[in-house]
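Shown below: work_13.cif, with mmCIF, C-alpha atoms (C1' of nucleotides).
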```cif
data_coords
#
loop_
_atom_site.label_atom_id
_atom_site.label_comp_id
_atom_site.auth_asym_id
_atom_site.auth_seq_id
_atom_site.Cartn_x
_atom_site.Cartn_y
_atom_site.Cartn_z
CA MET J 79 12.24 9.30 -13.38
CA LYS J 80 12.22 6.52 -15.94
CA VAL J 81 9.78 3.60 -15.65
CA ALA J 82 9.41 0.59 -17.94
CA ASP J 83 6.43 0.53 -20.32
CA LEU J 84 3.29 -1.19 -19.12
CA HIS J 85 1.74 -2.28 -22.41
CA PRO J 86 0.00 -4.43 -23.07
CA TRP J 87 -2.24 -3.86 -20.10
CA PRO J 88 -4.61 -6.74 -19.20
CA LYS J 89 -8.33 -6.39 -19.59
CA VAL J 90 -9.45 -9.47 -17.70
CA ALA J 91 -8.26 -11.55 -14.75
CA GLU J 92 -6.83 -14.34 -16.90
CA GLU J 93 -4.43 -11.96 -18.65
CA ALA J 94 -3.46 -10.27 -15.40
CA LEU J 95 -2.60 -13.60 -13.78
CA ALA J 96 -0.40 -14.49 -16.76
CA ILE J 97 1.50 -11.21 -16.36
CA GLN J 98 2.06 -11.87 -12.67
CA ASP J 99 3.46 -15.30 -13.50
CA ARG J 100 5.78 -13.80 -16.08
CA LEU J 101 7.10 -11.00 -13.87
CA ARG J 102 7.31 -12.82 -10.57
CA PRO J 103 10.75 -14.32 -11.34
CA LEU J 104 12.09 -10.80 -11.86
CA ALA J 105 11.37 -9.70 -8.31
CA ASP J 106 14.47 -9.64 -6.13
CA LEU J 107 13.34 -10.92 -2.74
CA ALA J 108 16.72 -12.14 -1.53
CA SER J 109 19.20 -9.29 -1.57
CA ALA J 110 19.74 -7.00 1.40
CA GLY J 111 18.02 -3.65 1.44
CA PRO J 112 19.68 -0.49 0.12
CA ARG J 113 22.75 0.60 2.08
CA THR J 114 21.80 4.23 2.22
CA VAL J 115 18.30 5.57 1.98
CA ARG J 116 18.32 9.33 1.64
CA THR J 117 14.89 9.71 0.03
CA VAL J 118 11.73 7.64 0.23
CA ALA J 119 8.66 7.90 -1.99
CA GLY J 120 5.14 7.36 -0.71
CA LEU J 121 2.42 6.33 -3.15
CA ASP J 122 -1.34 6.30 -2.96
CA VAL J 123 -4.47 6.57 -5.07
CA ALA J 124 -7.84 8.23 -4.42
CA TYR J 125 -11.07 7.34 -6.22
CA ALA J 126 -14.19 9.21 -7.24
CA ASP J 127 -16.89 8.02 -9.60
CA ASP J 128 -15.09 7.20 -12.79
CA ARG J 129 -11.78 8.79 -12.00
CA LEU J 130 -8.73 8.18 -9.89
CA ALA J 131 -5.78 10.33 -8.87
CA ALA J 132 -2.38 8.96 -7.94
CA ALA J 133 0.16 10.85 -5.88
CA ALA J 134 3.87 10.33 -5.27
CA VAL J 135 5.47 12.20 -2.39
CA VAL J 136 9.22 12.04 -1.88
CA LEU J 137 10.49 12.73 1.61
CA ASP J 138 13.95 13.18 3.05
CA ALA J 139 14.33 9.97 5.06
CA GLU J 140 16.18 11.84 7.77
CA THR J 141 14.06 14.94 8.33
CA LEU J 142 10.82 13.64 6.77
CA GLU J 143 10.53 16.92 4.90
CA VAL J 144 9.00 16.97 1.43
CA VAL J 145 11.53 16.88 -1.39
CA GLU J 146 9.07 16.66 -4.29
CA GLU J 147 5.50 15.61 -5.03
CA THR J 148 3.70 14.73 -8.25
CA THR J 149 0.26 13.51 -9.32
CA ALA J 150 -1.42 11.79 -12.24
CA LEU J 151 -5.08 11.40 -13.20
CA ASP J 152 -6.49 8.26 -14.78
CA ARG J 153 -9.61 6.19 -15.48
CA PRO J 154 -10.22 2.79 -13.91
CA GLY J 155 -8.81 0.33 -16.41
CA PHE J 156 -9.33 -2.75 -14.32
CA PRO J 157 -11.83 -3.72 -11.59
CA TYR J 158 -10.85 -4.23 -7.99
CA VAL J 159 -10.14 -7.91 -7.47
CA PRO J 160 -8.24 -9.09 -4.38
CA GLY J 161 -4.92 -10.39 -5.67
CA LEU J 162 -5.07 -8.28 -8.83
CA PHE J 163 -5.21 -4.95 -7.10
CA ALA J 164 -2.04 -3.71 -8.80
CA PHE J 165 -3.67 -3.74 -12.21
CA ARG J 166 -6.11 -1.12 -11.02
CA GLU J 167 -3.65 1.36 -9.53
CA LEU J 168 -0.37 0.81 -11.34
CA PRO J 169 -1.05 2.90 -14.45
CA ALA J 170 -1.83 5.98 -12.38
CA LEU J 171 1.03 5.34 -9.97
CA VAL J 172 3.50 4.93 -12.81
CA GLY J 173 2.23 8.21 -14.23
CA ALA J 174 2.99 10.00 -10.98
CA LEU J 175 6.43 8.38 -10.71
CA ARG J 176 7.39 9.36 -14.26
CA ALA J 177 6.62 12.98 -13.42
CA LEU J 178 9.20 12.88 -10.64
CA SER J 179 12.45 14.72 -11.38
CA VAL J 180 14.29 12.89 -8.60
CA THR J 181 14.74 9.14 -8.29
CA PRO J 182 13.88 7.98 -4.75
CA ASP J 183 15.99 5.37 -2.97
CA LEU J 184 12.96 3.41 -1.77
CA LEU J 185 9.29 3.06 -2.66
CA ILE J 186 6.71 2.70 0.11
CA CYS J 187 3.57 1.12 -1.33
CA ASP J 188 0.08 1.25 0.12
CA GLY J 189 -0.62 -2.48 -0.03
CA HIS J 190 1.39 -5.71 0.05
CA GLY J 191 4.44 -7.11 -1.66
CA LEU J 192 5.36 -10.73 -0.94
CA ALA J 193 2.38 -11.15 1.40
CA HIS J 194 0.18 -11.89 -1.57
CA PRO J 195 -1.58 -15.09 -2.74
CA LYS J 196 0.77 -15.35 -5.72
CA ARG J 197 3.69 -13.74 -3.91
CA PHE J 198 3.56 -10.78 -6.27
CA GLY J 199 1.64 -7.89 -4.77
CA LEU J 200 1.68 -4.26 -5.82
CA ALA J 201 5.02 -3.55 -4.12
CA CYS J 202 6.75 -6.35 -6.06
CA HIS J 203 5.16 -5.30 -9.33
CA LEU J 204 6.10 -1.65 -8.93
CA GLY J 205 9.61 -2.60 -7.84
CA VAL J 206 10.14 -4.68 -10.97
CA LEU J 207 8.75 -1.95 -13.21
CA THR J 208 10.97 0.77 -11.74
CA GLY J 209 13.94 -1.34 -10.76
CA LEU J 210 13.90 0.46 -7.40
CA PRO J 211 13.87 -1.07 -3.92
CA SER J 212 10.28 -1.23 -2.71
CA ILE J 213 8.28 -2.46 0.26
CA GLY J 214 4.61 -2.85 0.99
CA VAL J 215 2.90 -1.47 4.08
CA GLY J 216 -0.72 -2.55 4.21
CA LYS J 217 -3.44 -1.54 6.63
CA THR J 218 -5.10 -4.96 6.68
CA ARG J 219 -4.10 -8.54 6.01
CA LEU J 220 -4.54 -10.14 2.60
CA VAL J 221 -3.10 -13.59 3.25
CA GLY J 222 -1.37 -15.42 6.08
CA ASP J 223 -1.78 -16.13 9.76
CA TYR J 224 -0.14 -14.27 12.62
CA ASP J 225 -0.22 -13.83 16.36
CA GLU J 226 -1.08 -10.44 17.74
CA PRO J 227 2.24 -8.62 18.35
CA GLY J 228 3.11 -7.05 21.71
CA THR J 229 1.34 -3.79 22.54
CA GLU J 230 4.43 -1.59 22.39
CA ARG J 231 5.54 0.38 19.33
CA GLY J 232 8.14 -1.70 17.52
CA ALA J 233 6.70 -5.06 18.55
CA TRP J 234 6.06 -7.47 15.69
CA SER J 235 5.16 -11.03 14.80
CA PRO J 236 5.67 -12.99 11.58
CA VAL J 237 2.89 -13.45 9.04
CA SER J 238 3.00 -16.95 7.57
CA ASP J 239 1.21 -18.36 4.58
CA GLY J 240 1.67 -21.78 3.04
CA GLY J 241 4.43 -22.58 5.49
CA GLN J 242 6.40 -19.50 4.49
CA VAL J 243 7.00 -16.23 6.31
CA VAL J 244 5.70 -13.59 3.91
CA GLY J 245 5.77 -10.51 6.10
CA ARG J 246 5.27 -9.05 9.57
CA ALA J 247 2.48 -7.53 11.59
CA LEU J 248 4.28 -4.46 12.97
CA ARG J 249 3.05 -2.22 15.77
CA THR J 250 3.97 1.34 14.76
CA GLN J 251 2.26 2.98 17.72
CA THR J 252 1.72 1.62 21.21
CA ARG J 253 -1.72 0.11 21.71
CA VAL J 254 -2.70 0.85 18.12
CA ARG J 255 -3.49 -1.93 15.67
CA PRO J 256 -0.48 -3.08 13.61
CA VAL J 257 0.31 -2.53 9.93
CA PHE J 258 1.42 -5.34 7.62
CA VAL J 259 4.91 -5.03 6.20
CA SER J 260 6.29 -7.17 3.39
CA VAL J 261 9.15 -7.07 0.94
CA GLY J 262 8.58 -5.84 -2.59
CA HIS J 263 11.86 -5.75 -4.51
CA ARG J 264 15.54 -5.41 -3.57
CA ALA J 265 14.79 -4.94 0.14
CA ASP J 266 14.88 -7.26 3.14
CA LEU J 267 12.21 -7.53 5.81
CA ASP J 268 14.36 -6.09 8.59
CA THR J 269 15.14 -3.01 6.55
CA ALA J 270 11.49 -2.72 5.54
CA CYS J 271 10.35 -2.73 9.16
CA ALA J 272 13.12 -0.37 10.26
CA MET J 273 12.12 2.11 7.55
CA THR J 274 8.46 1.77 8.45
CA LEU J 275 9.24 2.64 12.05
CA ARG J 276 11.37 5.59 11.01
CA LEU J 277 8.43 6.88 8.98
CA THR J 278 5.91 6.53 11.78
CA PRO J 279 7.09 8.89 14.55
CA ARG J 280 3.52 9.90 15.38
CA TYR J 281 0.86 8.01 13.45
CA ARG J 282 0.04 4.42 12.57
CA LEU J 283 0.70 4.83 8.85
CA PRO J 284 4.00 5.97 7.30
CA GLU J 285 4.31 9.72 6.82
CA THR J 286 4.90 8.96 3.15
CA THR J 287 1.56 7.26 2.56
CA ARG J 288 -0.26 9.82 4.72
CA ARG J 289 1.11 12.64 2.61
CA ALA J 290 0.36 10.80 -0.62
CA ASP J 291 -3.16 10.06 0.59
CA HIS J 292 -3.88 13.72 1.28
CA LEU J 293 -2.39 14.87 -1.99
CA SER J 294 -4.28 12.32 -4.10
CA ARG J 295 -7.59 13.32 -2.53
CA ALA J 296 -6.95 17.01 -2.94
CA THR J 297 -6.01 16.44 -6.57
CA LEU J 298 -9.26 14.60 -7.18
CA LYS J 299 -11.32 17.45 -5.74
CA ALA J 300 -9.40 20.16 -7.54
CA ARG J 301 -10.61 18.42 -10.70
"C1'" DG R 162 -21.57 -25.30 0.05
"C1'" DC R 163 -19.46 -21.62 3.36
"C1'" DG R 164 -16.03 -18.01 4.48
"C1'" DA R 165 -12.00 -14.86 3.17
"C1'" DC R 166 -10.76 -11.30 0.27
"C1'" DA R 167 -4.61 -5.28 -0.29
"C1'" DG R 168 -7.47 -0.54 -1.94
"C1'" DA T 268 -11.66 2.73 -2.00
"C1'" DT T 269 -16.11 5.50 -0.73
"C1'" DC T 270 -20.67 6.50 1.50
"C1'" DT T 271 -21.59 9.49 6.47
"C1'" DT T 272 -23.16 12.03 12.30
"C1'" DG T 273 -21.84 12.17 16.25
"C1'" DT T 274 -18.51 11.56 19.77
"C1'" DC T 275 -14.40 10.93 22.73
"C1'" DG T 276 -9.90 13.02 23.63
"C1'" DC T 277 -5.54 15.71 23.15
#
```

Spell out the structure here as structure tokens.
Amino acid sequence: MKVADLHPWPKVAEEALAIQDRLRPLADLASAGPRTVRTVAGLDVAYADDRLAAAAVVLDAETLEVVEETTALDRPGFPYVPGLFAFRELPALVGALRALSVTPDLLICDGHGLAHPKRFGLACHLGVLTGLPSIGVGKTRLVGDYDEPGTERGAWSPVSDGGQVVGRALRTQTRVRPVFVSVGHRADLDTACAMTLRLTPRYRLPETTRRADHLSRATLKAR
DNA sequence: GCGACAG
DNA sequence: ATCTTGTCGC
């Protein structure tokens, strides 16, 4: 699939922050989620020494069967800095997405979207770059306060930051710690949570990110 | 000055 | 993210 060019890529935090400020207005956080979601793409990155491997796995949203999977190798071009995480993984992720022959209906990112200090996490950034609906499903909180949701699968509670609801703590498995769902681009929070639940029939994390996680690690070992 | 801090 | 042994449980 086609993805907008990244250049110029920032080298330091100051430049990265400027890019976030410039792209933030382009994120569509208001419109309703896609009407029909037939395919969903999971994305993840694995690290080793001075290398990283990104993987994109497209699943049939109905059967959860693999439709296509791609990978891309890269070198760390930016350090890990909370809030600027996207600048570390985006190049590799975009590489994997460009290798895809199909265009997924929704992107499931391993990290946050709106639930970010500048309201422009990885999911927003990737959504703007691809123009595709995207959501963020993180394993831990980055910003915001929230009450522990009920113990049953499906229970959730809002995550608020600066007097604004930026996402939800969603229980995907009964008595298992929740995941953090937030909007990225062209998707609403209800749809994001509904999709997350559809993708977690058995485990805490979406089947999409689990598959992408395995593939990225295997790719790193293979070379 | 002391915590908090996606992966 | 990654480094790591054993251990509890299906």

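Counting from CA of Val118 in chain J, the distance to CA of Ala132 in chain J is 16.4 Å.
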
Applied to this file, what does the PyMOL selection byres ((chain J and resi 244) around 8) return in terms of residues, put as a PDB file with C-alpha atoms, in the frame of the given file?
```
ATOM      1  CA  LEU J 192       5.360 -10.730  -0.940  1.00  0.00           C
ATOM      2  CA  ALA J 193       2.380 -11.150   1.400  1.00  0.00           C
ATOM      3  CA  HIS J 194       0.180 -11.890  -1.570  1.00  0.00           C
ATOM      4  CA  GLY J 222      -1.370 -15.420   6.080  1.00  0.00           C
ATOM      5  CA  PRO J 236       5.670 -12.990  11.580  1.00  0.00           C
ATOM      6  CA  VAL J 237       2.890 -13.450   9.040  1.00  0.00           C
ATOM      7  CA  SER J 238       3.000 -16.950   7.570  1.00  0.00           C
ATOM      8  CA  ASP J 239       1.210 -18.360   4.580  1.00  0.00           C
ATOM      9  CA  GLN J 242       6.400 -19.500   4.490  1.00  0.00           C
ATOM     10  CA  VAL J 243       7.000 -16.230   6.310  1.00  0.00           C
ATOM     11  CA  GLY J 245       5.770 -10.510   6.100  1.00  0.00           C
ATOM     12  CA  ARG J 246       5.270  -9.050   9.570  1.00  0.00           C
ATOM     13  CA  SER J 260       6.290  -7.170   3.390  1.00  0.00           C
ATOM     14  CA  VAL J 261       9.150  -7.070   0.940  1.00  0.00           C
TER      15      VAL J 261
END
```

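Of the listed residues (J:Phe165, J:Tyr158, J:Ala247, J:Leu171), J:Tyr158 comes nearest to chain T; the distances count all atoms listed in the file.
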
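Near DA268 in chain T, within 8 Å and counting only C-alpha atoms (C1' of nucleotides), sit Ala124 and Tyr125 of chain J; DG168 of chain R; same-chain residues fewer than 5 positions away were not included.
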
May I have the centre and edge lengths, in Å to one decimal, of an axis-aligned box around the listed atoms of range 213-229 of chain J with 4 Å added to every side, as JSON?
```
{"center_x": 1.6, "center_y": -8.8, "center_z": 11.4, "size_x": 21.4, "size_y": 22.7, "size_z": 30.3}
```

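Reported to one decimal place, the separation of CA of Phe156 in chain J from CA of Ala300 in chain J is 23.9 Å.
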
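Residues captured in this structure file are Pro160, Gly189 and Leu220 of chain J, according to the PyMOL selection byres ((chain J) within 6 of (chain R)).
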
Kindly export the residues of the current selection with C-alpha atoms, as a compact mmCIF listing (two decimals), keeping the file's coordinate frame.
```
# COMPACT_ATOMS: atom_id res chain seq x y z
CA PRO J 160 -8.24 -9.09 -4.38
CA GLY J 189 -0.62 -2.48 -0.03
CA LEU J 220 -4.54 -10.14 2.60
```

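Proximity ranking of J:Pro154, J:Gly191, J:Gly199, J:Pro103 relative to chain T places J:Pro154 first, based on only C-alpha atoms (C1' of nucleotides).
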
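Going from CA of Asp152 in chain J over to CA of Ala131 in chain J, you cover 6.3 Å.
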
For this session: List the residues selected by the PyMOL selection byres ((chain J and resi 151) around 10) in the file shown, writing them as a PyMOL selection string.
Result: chain J and resi 123-124+129-133+149-150+152-153+169-171+173-174+294+297-298+301

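The nearest approach to Ala96 in chain J among the residues J:Val221, J:Ala233, J:Leu162, J:Ile186, with all atoms listed in the file taken into account, belongs to J:Leu162.
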
N, CA and C atoms modelled onto range 91-116 of chain J, as a PDB file, in the frame of the given file:
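Result file out-v6.pdb:
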```
ATOM      1  N   ALA J  91      -9.041 -10.838 -15.767  1.00  0.00           N
ATOM      2  CA  ALA J  91      -8.260 -11.550 -14.750  1.00  0.00           C
ATOM      3  C   ALA J  91      -7.256 -12.549 -15.327  1.00  0.00           C
ATOM      4  N   GLU J  92      -7.693 -13.321 -16.286  1.00  0.00           N
ATOM      5  CA  GLU J  92      -6.830 -14.340 -16.900  1.00  0.00           C
ATOM      6  C   GLU J  92      -5.514 -13.747 -17.412  1.00  0.00           C
ATOM      7  N   GLU J  93      -5.615 -12.617 -18.109  1.00  0.00           N
ATOM      8  CA  GLU J  93      -4.430 -11.960 -18.650  1.00  0.00           C
ATOM      9  C   GLU J  93      -3.555 -11.389 -17.543  1.00  0.00           C
ATOM     10  N   ALA J  94      -4.201 -10.858 -16.516  1.00  0.00           N
ATOM     11  CA  ALA J  94      -3.460 -10.270 -15.400  1.00  0.00           C
ATOM     12  C   ALA J  94      -2.663 -11.361 -14.671  1.00  0.00           C
ATOM     13  N   LEU J  95      -3.269 -12.497 -14.470  1.00  0.00           N
ATOM     14  CA  LEU J  95      -2.600 -13.600 -13.780  1.00  0.00           C
ATOM     15  C   LEU J  95      -1.388 -14.067 -14.579  1.00  0.00           C
ATOM     16  N   ALA J  96      -1.505 -14.053 -15.901  1.00  0.00           N
ATOM     17  CA  ALA J  96      -0.400 -14.490 -16.760  1.00  0.00           C
ATOM     18  C   ALA J  96       0.761 -13.511 -16.620  1.00  0.00           C
ATOM     19  N   ILE J  97       0.451 -12.235 -16.501  1.00  0.00           N
ATOM     20  CA  ILE J  97       1.500 -11.210 -16.360  1.00  0.00           C
ATOM     21  C   ILE J  97       2.210 -11.380 -15.029  1.00  0.00           C
ATOM     22  N   GLN J  98       1.443 -11.676 -13.986  1.00  0.00           N
ATOM     23  CA  GLN J  98       2.060 -11.870 -12.670  1.00  0.00           C
ATOM     24  C   GLN J  98       3.019 -13.057 -12.722  1.00  0.00           C
ATOM     25  N   ASP J  99       2.610 -14.108 -13.396  1.00  0.00           N
ATOM     26  CA  ASP J  99       3.460 -15.300 -13.500  1.00  0.00           C
ATOM     27  C   ASP J  99       4.746 -14.994 -14.260  1.00  0.00           C
ATOM     28  N   ARG J 100       4.623 -14.141 -15.250  1.00  0.00           N
ATOM     29  CA  ARG J 100       5.780 -13.800 -16.080  1.00  0.00           C
ATOM     30  C   ARG J 100       6.760 -12.866 -15.363  1.00  0.00           C
ATOM     31  N   LEU J 101       6.228 -11.954 -14.572  1.00  0.00           N
ATOM     32  CA  LEU J 101       7.100 -11.000 -13.870  1.00  0.00           C
ATOM     33  C   LEU J 101       7.620 -11.444 -12.514  1.00  0.00           C
ATOM     34  N   ARG J 102       6.904 -12.360 -11.900  1.00  0.00           N
ATOM     35  CA  ARG J 102       7.310 -12.820 -10.570  1.00  0.00           C
ATOM     36  C   ARG J 102       8.777 -13.218 -10.450  1.00  0.00           C
ATOM     37  N   PRO J 103       9.337 -13.920 -11.426  1.00  0.00           N
ATOM     38  CA  PRO J 103      10.750 -14.320 -11.340  1.00  0.00           C
ATOM     39  C   PRO J 103      11.703 -13.130 -11.338  1.00  0.00           C
ATOM     40  N   LEU J 104      11.233 -11.984 -11.778  1.00  0.00           N
ATOM     41  CA  LEU J 104      12.090 -10.800 -11.860  1.00  0.00           C
ATOM     42  C   LEU J 104      12.200 -10.055 -10.530  1.00  0.00           C
ATOM     43  N   ALA J 105      11.324 -10.383  -9.605  1.00  0.00           N
ATOM     44  CA  ALA J 105      11.370  -9.700  -8.310  1.00  0.00           C
ATOM     45  C   ALA J 105      12.545 -10.211  -7.486  1.00  0.00           C
ATOM     46  N   ASP J 106      13.313  -9.292  -6.948  1.00  0.00           N
ATOM     47  CA  ASP J 106      14.470  -9.640  -6.130  1.00  0.00           C
ATOM     48  C   ASP J 106      14.034  -9.622  -4.656  1.00  0.00           C
ATOM     49  N   LEU J 107      13.826 -10.808  -4.124  1.00  0.00           N
ATOM     50  CA  LEU J 107      13.340 -10.920  -2.740  1.00  0.00           C
ATOM     51  C   LEU J 107      14.442 -11.376  -1.794  1.00  0.00           C
ATOM     52  N   ALA J 108      15.619 -11.629  -2.351  1.00  0.00           N
ATOM     53  CA  ALA J 108      16.720 -12.140  -1.530  1.00  0.00           C
ATOM     54  C   ALA J 108      17.758 -11.125  -1.076  1.00  0.00           C
ATOM     55  N   SER J 109      18.143 -10.223  -1.932  1.00  0.00           N
ATOM     56  CA  SER J 109      19.200  -9.290  -1.570  1.00  0.00           C
ATOM     57  C   SER J 109      18.866  -8.386  -0.395  1.00  0.00           C
ATOM     58  N   ALA J 110      19.921  -7.894   0.243  1.00  0.00           N
ATOM     59  CA  ALA J 110      19.740  -7.000   1.400  1.00  0.00           C
ATOM     60  C   ALA J 110      19.182  -5.673   0.917  1.00  0.00           C
ATOM     61  N   GLY J 111      18.598  -4.935   1.807  1.00  0.00           N
ATOM     62  CA  GLY J 111      18.020  -3.650   1.440  1.00  0.00           C
ATOM     63  C   GLY J 111      19.096  -2.658   1.069  1.00  0.00           C
ATOM     64  N   PRO J 112      18.716  -1.518   0.505  1.00  0.00           N
ATOM     65  CA  PRO J 112      19.680  -0.490   0.120  1.00  0.00           C
ATOM     66  C   PRO J 112      20.525  -0.048   1.296  1.00  0.00           C
ATOM     67  N   ARG J 113      21.826   0.183   1.033  1.00  0.00           N
ATOM     68  CA  ARG J 113      22.750   0.600   2.080  1.00  0.00           C
ATOM     69  C   ARG J 113      22.387   1.954   2.670  1.00  0.00           C
ATOM     70  N   THR J 114      22.169   2.882   1.767  1.00  0.00           N
ATOM     71  CA  THR J 114      21.800   4.230   2.220  1.00  0.00           C
ATOM     72  C   THR J 114      20.477   4.643   1.605  1.00  0.00           C
ATOM     73  N   VAL J 115      19.595   5.095   2.449  1.00  0.00           N
ATOM     74  CA  VAL J 115      18.300   5.570   1.980  1.00  0.00           C
ATOM     75  C   VAL J 115      18.183   7.035   2.357  1.00  0.00           C
ATOM     76  N   ARG J 116      18.392   7.893   1.371  1.00  0.00           N
ATOM     77  CA  ARG J 116      18.320   9.330   1.640  1.00  0.00           C
ATOM     78  C   ARG J 116      16.921   9.865   1.366  1.00  0.00           C
TER      79      ARG J 116
END
```
